[in-house]
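Novice: Next up is a structure, given as structure tokens.
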Amino acid sequence: MPDIRVRGFAGSINSPNPFWLASAPPTNCGEQIMRAFDAGWGGAVWKTIGEPVTNVSSRYSATDWNGLRIMGFNNIELISDRSVDTNLREMTEVKKRYPHHAVIASLMVASTREAWHEIVARAEDAGADGLELNFGCPHGMSERGMGSAVGQVPEYAEMITAWVKEKARTPVLVKLTPNITDIRAVARAAKRGGADGLSAINTVNSITGIDLDTLVPRPNVDGKTSHGGYCGPAVKPIALNMVQQVMADPESALPLSGIGGIETWRDAAEFMLLGCGTVQVCTAVMHYGYRIVEDMAEGLESWMRSKKFDRIEDFRGLSLNRVTDWKHLNLNYKIVARIDESKCIGCDLCHIACWDGAHQCIHLDRVTGPVNGHVELHPTPAQNEAHSRASITVTPVTRKERAAASATHGPYMTPIERIPRVDETECVGCNLCSLVCPVDQCITMVRVDSGVAAETWEERTRGAACAPEPQRS
Amino acid sequence: MSITTLPDDPQLRERFTELKPPLTPQAATIEANRCLYCFDAPCTVACPTHIDVPGFIKRIASGNLRGSAMRILDANILGGSCSRACPVDILCEGACVMHKQGRHPIRIGQLQRHAIDAFHDAGGDVQTAPRNSRHVCVACIGAGPASLACAAELCRQGAKATVVERRALPGGLNTYGVAEYKLRASESLREIEMIRRMGVEFRFGAGIETAEDLKELESEFDFIFLGLGLGAMQQLNIPGEESEGVMNALELIAGYKTGRIRELAGTVVVVGAGNTAIDAANAARRLGAETVYLLYRRGEREIPAFESEYEHSKVEGVQFLWHRQPMAIRADAHGVLLLDTVQVREVDKELVPIPDSKFTIACHLVVPAIGQSPITDLMRDFCRIDVRDGQIVTDRATGQTGNPRYFAGGDCMNGGREVVDAVADGKRSALAMLTIAEAMYA
């Protein structure tokens with residue numbers, strides 16, 4: 001049985017598993033957090049504690065996709081609207097009842113040394129296992145000189161981190177905002193300030209959409225909105241990139257708690273493969289409830305078992321060195337698309353995608369006879385379509401006609417004229433067809449021997465930088 | 001003048017609740033989003049009118065319902081009745097690639113209905129070219145789907161079209177013949193009212209019975225489109241067929257759809273096992289008949305009705321008597337019909353009675369449903385067109401008959417297919433007439 005416990009994260013934080021709730025509405029109060037721990041969550045970052053705020057209604061909006069809810073989620077809610085005393089009293093209670101779970105206090109106070117010293121001391125006295133400095137909140141609080149207003153200025157972030165470290169006895173994590181040109185600037189500042197770890201990413205500045213009846217963007221607060229913070233599945237690729245940037249940079253890298261669109265164990269494993277020691281989840285819980293953690297834990301364990309990883313440390317960061325600069329990629333690596341005729345359902349999405357969106361090398365000429373080579377030799381999609389539209393079709397009404405219409409003809413389940421063909425001489429191996437194909441493993445990208453040794457752009461152009469510029473007449 | 005409508009009949013509506021109720025807007029969006037948006041989609045190819053199915057479905061998904069309906073009507077002006085009456089499982093939905101992944105096909109028929117209903121509910125109109133901008137003037141005989149599609153396409157493109165119909169209401173089988181739980185007569189009439197607003201003229205109660213009638217049309221119009229449908233239902237040719245209590249399937253269906261028959265009781269025997277026989281049998285059940293037998297001279301495996309229709313009739317409670325033929329109809333002293341039947345078996349492709357297998361069914365209604373006869377004698381004799389096996393011979397791509405002024409489509413030409421086939425035929429003829437007229441004008 002793989003061991004998914006977290007031991008000594010950022011120095012001394014332990015939790016029964018790497019799945020923590022991010023600082024957000026699911027960690028608003030002690031009662032919620034205790035229910036979350038009962039459901040199986042390993043840790044919780046308390047909804048940011050600071051001078052209580054007044055919130056607006058409404059607060060959330062979402063981006064739906066193709067009829068599915070919440071591809072991305074947006075909020076304009078501020079930090080906790082409950083008093084510091086209440087939050088910390090409940091934190092003490094939670095720690096008393098759940099001593100082995102990780103309880104992290106997310107903090108945000110005015111940018112003075114005294115204010116930070118005071119809140120750090122109170123949070124640690126309340127029993128927090130660690131502190132997360134909220135330098136990331138992109139809306140509202142930033143207008144008051146806090147949140148991302150700090151996180152976007154490396155000098156402030158470094159200064160406040162240093163103040164906190166003067167006082168803190170528990171690990172200090174700095175939560176990074178993605179709303180900055182290079183996330184490493186603040187990661188480095190946090191490291192210089194003495195942070196023990198990082199959390200990334202916070203939400204991305206966003207307007208999710210506009211109501212086309214009222215013309216008011218969402219969420220609507222009495223006819224107006226304000227930009228919010230975007231999260232949920234849509235931001236995962238952005239988060240993964242930033243996690244990679246931080247973890248691949250020696251001046252930034254610290255124990256990292258990964259955040260951004262994590263919904264399943266697969267997402268969690270990906271963040272860990274790029275170096276995260278723990279992960280934090282919010283949107284998926286807001287969508288489905290605490291119960292999703294059961295599958296996250298089971299799924300991760302079962303994947304680890306199949307991969308023969310005993311501990312998280314066995315695979316943490318293993319994909320990090322698989323990300324490199326473009327100039328280090330092998331220019332002579334050649335793949336082409338192969339279509340498995342027996343799996344093809346004849347939707348011909350690869351044909352239209354390749355013609356309109358790629359390199360015009362997937363053709364519908366299985367019956368008329370293949371032609372390899374230049375695009376102009378092939379019927380265009382419009383010609384193919386016009387041919388079909390000109391055909392005369394009738395309803396098969398008799399038993400005989402119906403039997404003929406439903407008879408499978410040819411060796412495959414799809415009529416051969418609807419199974420596209422890849423012109424491998426023209427295929428550039430871009431992957432597009434395999435991405436649009438709705439059938440698993442129908443289009444695979446197969447390596448072909450280019451007959452040339454591996455060569456990167458850097459190798460090919462080595463010395464070219466010193467060459468004189470070509471003369472212009 | 002608007003097309004006459006039928007009064008709403010709550011009892012009829014209740015007895016013939018829709019087999020496939022409309023999708024809710026959210027269900028439609030979810031279903032629309034399942035569509036893969038195939039290129040040169042098999043569903044579009046399978047549809048005789050080649051409706052751009054992925055195109056209209058994606059418009060539903062995006063909330064562009066009007067655009068979706070226009071996309072449908074562009075290919076098939078009777079998209080509303082087709083969405084209800086089409087045997088989609090052997091057409092568009094049967095061709096859906098989802099089958100090949102073991103997934104449920106996209107509910108194309110119901111999505112089409114969703115878009116078209118919204119269009120009609122909003123009183124939508126189809127844009128037409130300026131009237132008389134094309135110099136062609138066509139008479140369409142019969143107001144069924146083929147003529148309606150032909151006339152609508154002509155008017156859409158700016159030509160003149162007049163539909164000549166012997167009955168009081170337009171629509172042909174769409175109004176009088178499709179089972180009410182699939183397509184309500186009122187829905188058919190609402191669709192035709194839209195076609196009327198496109199500029200199609202109608203002459204009702206105008207049967208074309210004689211050569212003089214045809215001559216008159218010839219002098220008034222450039223082309224004549226024959227959308228005659230099929231003729232009267234075939235007779236059983238058994239003694240007693242003229243008894244009171246014998247009513248053919250189309251009479252029964254038209255009767256209940258127009259409110260003339262509101263109630264049945266006792267036992268009903270339908271003779272035949274095609275789609276119309278099934279419709280009549282189901283209707284008899286819904287109108288109150290306690291027992292409905294469907295008598296077929298062959299076996300279950302040879303039943304000509306669509307599989308889905310046969311399965312549905314079992315759910316309606318229709319009972320089947322296989323390999324049995326009617327011999328005679330008698331009436332007893334109390335006015336109850338006695339239908340003598342005999343078991344038959346096939347010997348050398350001939351059905352021969354099995355000795356001592358006679359069996360008499362006491363019933364209240366006998367419904368012959370063994371097909372319709374062709375009605376093309378007048379045409380053959382007076383308009384110099386070819387008729388083969390009771391079907392008018394045409395050039396398949398244009399619907400033009402041997403007489404260049406005459407075109408034909410729908411059941412009288414294709415021998416009896418679906419509404420959608422008639423629409424495709426009518427539209428092809430309209431386009432061909434426009435092309436010919438254009439060439440003549442130039």
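We name chains A, B, ... following the order of the structure tokens; residues begin at 1 in each chain, and ligands are numbered from 1 as shown.
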Tell me as an mmCIF file with N, CA and C atoms, in the first residue's frame which residues belonging to chain A come within 7 Å of chain B, counting only C-alpha atoms.
Specialist:
```cif
data_model
loop_
_atom_site.group_PDB
_atom_site.id
_atom_site.type_symbol
_atom_site.label_atom_id
_atom_site.label_comp_id
_atom_site.auth_asym_id
_atom_site.auth_seq_id
_atom_site.Cartn_x
_atom_site.Cartn_y
_atom_site.Cartn_z
ATOM 1 N N ASN A 66 -19.834 24.102 -23.459
ATOM 2 C CA ASN A 66 -20.578 23.050 -24.160
ATOM 3 C C ASN A 66 -21.640 22.411 -23.291
ATOM 4 N N GLY A 67 -22.341 23.231 -22.531
ATOM 5 C CA GLY A 67 -23.431 22.707 -21.726
ATOM 6 C C GLY A 67 -22.984 22.154 -20.385
ATOM 7 N N ILE A 345 -14.987 6.043 -36.674
ATOM 8 C CA ILE A 345 -16.451 6.091 -36.740
ATOM 9 C C ILE A 345 -16.925 6.971 -37.901
ATOM 10 N N GLY A 346 -16.006 7.542 -38.639
ATOM 11 C CA GLY A 346 -16.390 8.281 -39.841
ATOM 12 C C GLY A 346 -16.940 9.676 -39.579
ATOM 13 N N CYS A 347 -16.523 10.313 -38.511
ATOM 14 C CA CYS A 347 -17.007 11.680 -38.256
ATOM 15 C C CYS A 347 -16.278 12.680 -39.154
ATOM 16 N N ASP A 348 -15.094 12.296 -39.619
ATOM 17 C CA ASP A 348 -14.282 13.107 -40.528
ATOM 18 C C ASP A 348 -13.896 14.474 -39.960
ATOM 19 N N LEU A 349 -13.884 14.552 -38.633
ATOM 20 C CA LEU A 349 -13.424 15.799 -38.013
ATOM 21 C C LEU A 349 -11.929 16.009 -38.253
ATOM 22 N N ILE A 352 -11.468 17.752 -41.753
ATOM 23 C CA ILE A 352 -11.736 19.188 -41.821
ATOM 24 C C ILE A 352 -10.744 19.968 -40.948
ATOM 25 N N GLU A 385 -18.106 17.874 -49.682
ATOM 26 C CA GLU A 385 -19.426 18.103 -49.113
ATOM 27 C C GLU A 385 -20.466 18.298 -50.218
ATOM 28 N N SER A 388 -21.717 15.104 -51.639
ATOM 29 C CA SER A 388 -22.728 14.418 -50.809
ATOM 30 C C SER A 388 -24.088 15.086 -50.921
ATOM 31 N N ARG A 389 -24.079 16.410 -50.915
ATOM 32 C CA ARG A 389 -25.358 17.133 -50.923
ATOM 33 C C ARG A 389 -26.091 16.951 -52.250
ATOM 34 N N ILE A 392 -28.877 11.730 -54.277
ATOM 35 C CA ILE A 392 -30.302 11.504 -54.022
ATOM 36 C C ILE A 392 -30.417 10.364 -53.021
ATOM 37 N N THR A 393 -31.046 10.659 -51.900
ATOM 38 C CA THR A 393 -31.225 9.655 -50.862
ATOM 39 C C THR A 393 -32.714 9.429 -50.675
ATOM 40 N N VAL A 394 -33.114 8.190 -50.447
ATOM 41 C CA VAL A 394 -34.528 7.935 -50.133
ATOM 42 C C VAL A 394 -34.613 7.132 -48.850
ATOM 43 N N THR A 395 -35.752 7.250 -48.208
ATOM 44 C CA THR A 395 -35.981 6.464 -47.003
ATOM 45 C C THR A 395 -36.120 4.995 -47.395
ATOM 46 N N VAL A 397 -37.860 2.005 -47.215
ATOM 47 C CA VAL A 397 -39.163 1.663 -46.620
ATOM 48 C C VAL A 397 -39.438 0.163 -46.572
ATOM 49 N N THR A 398 -38.949 -0.566 -47.561
ATOM 50 C CA THR A 398 -39.251 -2.004 -47.519
ATOM 51 C C THR A 398 -38.219 -2.721 -46.650
ATOM 52 N N ARG A 399 -38.566 -3.932 -46.263
ATOM 53 C CA ARG A 399 -37.644 -4.707 -45.434
ATOM 54 C C ARG A 399 -36.324 -4.907 -46.154
#
```
Novice: Considering only helix (DSSP H, G or I) as DSSP defines it on the backbone, what residues of stretch 302-432 of chain B qualify? List them as an MDAnalysis selection string.
Specialist: chainID B and resid 302 307:316 377:382 411:414 419:432
Novice: Keeping only C-alpha atoms, write those residues as a PDB file, in the first residue's frame.
Specialist:
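Dumped everything to again_7.pdb:
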```pdb
ATOM      1  CA  GLU B 302     -42.118 -10.515 -42.732  1.00  0.00           C
ATOM      2  CA  GLU B 307     -39.420  -2.271 -36.453  1.00  0.00           C
ATOM      3  CA  SER B 308     -39.935   0.718 -34.186  1.00  0.00           C
ATOM      4  CA  GLU B 309     -43.608   0.972 -35.190  1.00  0.00           C
ATOM      5  CA  TYR B 310     -44.175  -2.726 -34.538  1.00  0.00           C
ATOM      6  CA  GLU B 311     -42.519  -2.511 -31.129  1.00  0.00           C
ATOM      7  CA  HIS B 312     -44.575   0.542 -30.276  1.00  0.00           C
ATOM      8  CA  SER B 313     -47.862  -1.149 -31.211  1.00  0.00           C
ATOM      9  CA  LYS B 314     -47.139  -3.934 -28.727  1.00  0.00           C
ATOM     10  CA  VAL B 315     -46.831  -1.289 -26.033  1.00  0.00           C
ATOM     11  CA  GLU B 316     -50.175   0.146 -27.144  1.00  0.00           C
ATOM     12  CA  ASP B 377     -55.063   6.663 -65.083  1.00  0.00           C
ATOM     13  CA  LEU B 378     -56.152  10.186 -65.895  1.00  0.00           C
ATOM     14  CA  MET B 379     -52.573  11.318 -66.079  1.00  0.00           C
ATOM     15  CA  ARG B 380     -51.489   8.541 -68.356  1.00  0.00           C
ATOM     16  CA  ASP B 381     -54.413   9.063 -70.668  1.00  0.00           C
ATOM     17  CA  PHE B 382     -54.452  12.806 -70.893  1.00  0.00           C
ATOM     18  CA  ASP B 411     -46.017   8.913 -53.367  1.00  0.00           C
ATOM     19  CA  CYS B 412     -47.441   8.986 -56.940  1.00  0.00           C
ATOM     20  CA  MET B 413     -43.886   8.935 -58.233  1.00  0.00           C
ATOM     21  CA  ASN B 414     -41.910   7.027 -55.588  1.00  0.00           C
ATOM     22  CA  VAL B 419     -43.008  12.794 -45.877  1.00  0.00           C
ATOM     23  CA  VAL B 420     -39.348  13.692 -46.148  1.00  0.00           C
ATOM     24  CA  ASP B 421     -39.025  11.869 -49.472  1.00  0.00           C
ATOM     25  CA  ALA B 422     -41.994  13.788 -50.832  1.00  0.00           C
ATOM     26  CA  VAL B 423     -40.435  17.071 -49.693  1.00  0.00           C
ATOM     27  CA  ALA B 424     -37.163  16.187 -51.390  1.00  0.00           C
ATOM     28  CA  ASP B 425     -39.005  15.279 -54.600  1.00  0.00           C
ATOM     29  CA  GLY B 426     -41.035  18.485 -54.588  1.00  0.00           C
ATOM     30  CA  LYS B 427     -38.026  20.671 -53.982  1.00  0.00           C
ATOM     31  CA  ARG B 428     -35.979  18.996 -56.705  1.00  0.00           C
ATOM     32  CA  SER B 429     -38.803  19.594 -59.183  1.00  0.00           C
ATOM     33  CA  ALA B 430     -39.105  23.244 -58.178  1.00  0.00           C
ATOM     34  CA  LEU B 431     -35.401  23.815 -58.703  1.00  0.00           C
ATOM     35  CA  ALA B 432     -35.538  22.063 -62.067  1.00  0.00           C
TER      36      ALA B 432
END
```
Novice: Take atom CA of B:Ala254 and atom CA of B:Gly177 and report the distance between them in Å, one decimal.
Specialist: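 That distance, rounded to one decimal, is 5.8 Å.
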Novice: What does the distance between atom CA of A:Pro138 and atom CA of A:Trp20 come to in Å, to one decimal place?
Specialist: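 So the two atoms, atom CA of A:Pro138 and atom CA of A:Trp20, lie 21.4 Å apart.
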Novice: Looking only at strand (DSSP E or B) from DSSP on the backbone, list the matching residues of stretch 31-237 of chain B as a VMD selection string.
Specialist: chain B and resid 137 to 141 160 to 164 201 to 203 223 to 226 233
Novice: Using only C-alpha atoms, which residues sit within 12 Å of B:Arg384 once same-chain residues fewer than 3 positions away are excluded, as number ranges by chain?
Specialist: B: 211, 214, 376-381, 387, 392-393, 401-407
Novice: Please, could you write that set of residues out with C-alpha atoms as a PDB file, in the first residue's frame?
Specialist:
```pdb
ATOM      1  CA  ALA B 211     -59.224  16.132 -69.205  1.00  0.00           C
ATOM      2  CA  LEU B 214     -56.215  19.549 -66.848  1.00  0.00           C
ATOM      3  CA  THR B 376     -52.633   7.674 -62.352  1.00  0.00           C
ATOM      4  CA  ASP B 377     -55.063   6.663 -65.083  1.00  0.00           C
ATOM      5  CA  LEU B 378     -56.152  10.186 -65.895  1.00  0.00           C
ATOM      6  CA  MET B 379     -52.573  11.318 -66.079  1.00  0.00           C
ATOM      7  CA  ARG B 380     -51.489   8.541 -68.356  1.00  0.00           C
ATOM      8  CA  ASP B 381     -54.413   9.063 -70.668  1.00  0.00           C
ATOM      9  CA  VAL B 387     -46.777   5.184 -65.702  1.00  0.00           C
ATOM     10  CA  ILE B 392     -45.297   8.026 -62.651  1.00  0.00           C
ATOM     11  CA  VAL B 393     -41.984   7.720 -64.454  1.00  0.00           C
ATOM     12  CA  THR B 401     -41.963  13.370 -66.723  1.00  0.00           C
ATOM     13  CA  GLY B 402     -41.924  12.376 -70.375  1.00  0.00           C
ATOM     14  CA  ASN B 403     -44.158  15.404 -70.968  1.00  0.00           C
ATOM     15  CA  PRO B 404     -41.787  18.339 -70.312  1.00  0.00           C
ATOM     16  CA  ARG B 405     -44.519  20.521 -68.810  1.00  0.00           C
ATOM     17  CA  TYR B 406     -45.345  17.913 -66.198  1.00  0.00           C
ATOM     18  CA  PHE B 407     -43.317  17.078 -63.108  1.00  0.00           C
TER      19      PHE B 407
END
```
Novice: Find the spatial neighbours of B:Ile195, counting only C-alpha atoms, within a cut-off of 12 Å - ignore same-chain residues fewer than 2 positions away - and output them as an MDAnalysis selection string.
Specialist: chainID B and resid 2:3 73 76:80 120 123:128 143 145 147:156 161:163 170:171 188:193 197:202
Novice: So which residues touch stretch 324-333 of chain A within 6 Å, counting only C-alpha atoms, skipping near sequence neighbours fewer than 5 positions away, as a ChimeraX atom specification?
Specialist: /A:454-458
Novice: Please determine, counting only C-alpha atoms, which residue among A:Met141, A:Ala407, A:Val164, A:Ile339 has the shortest atom-to-atom distance to A:Asp440.
Specialist: A:Ile339
Novice: Name all residues at most 12 Å from B:Arg345 (count only C-alpha atoms; drop same-chain ones fewer than 2 positions away) and give them as a PyMOL selection string.
Specialist: chain B and resi 296-299+322-325+342-343+347-355+357
Novice: What lies within 7 Å of B:Lys257 using only C-alpha atoms, ignoring chain neighbours under 5 positions off, as a list in words?
Specialist: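 The contact residues come out as Tyr176, Glu180 and Ala185 of chain B.
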Novice: Rank A:Ser12, A:Asn372, A:Gln244, A:Ser106 by their smallest atom-to-atom distance to A:Ala123, using only C-alpha atoms, and report the top residue only.
Specialist: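 Nearest to A:Ala123: A:Ser106.
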Novice: Work out how far atom CA of A:Leu176 is from atom CA of A:Ser199, in Å to one decimal.
Specialist: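 Taking atom CA of A:Ser199 and atom CA of A:Leu176, their separation equals 6.2 Å.
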Novice: Which stretch 231-286 of chain A residues have any atom within 12 Å of an atom of stretch 302-313 of chain A, and for each, what is the nearest pair of atoms with distance in Å to one decimal, counting only C-alpha atoms, rows sorted by chain and number, as a tab-separated table?
Specialist:
```
residue	atom	partner	partner_atom	distance
A:Pro255	CA	A:Glu313	CA	11.8
A:Trp265	CA	A:Trp303	CA	8.9
A:Arg266	CA	A:Trp303	CA	8.8
A:Ala268	CA	A:Ile312	CA	11.1
A:Ala269	CA	A:Trp303	CA	8.9
A:Glu270	CA	A:Trp303	CA	11.8
A:Phe271	CA	A:Ile312	CA	11.6
A:Met272	CA	A:Ile312	CA	7.9
A:Leu273	CA	A:Ile312	CA	9.4
A:Leu274	CA	A:Glu313	CA	11.7
A:Gly275	CA	A:Glu313	CA	9.3
A:Cys276	CA	A:Ile312	CA	9.7
A:Gly277	CA	A:Ile312	CA	7.6
A:Thr278	CA	A:Ile312	CA	9.3
A:Val279	CA	A:Ile312	CA	11.8
```
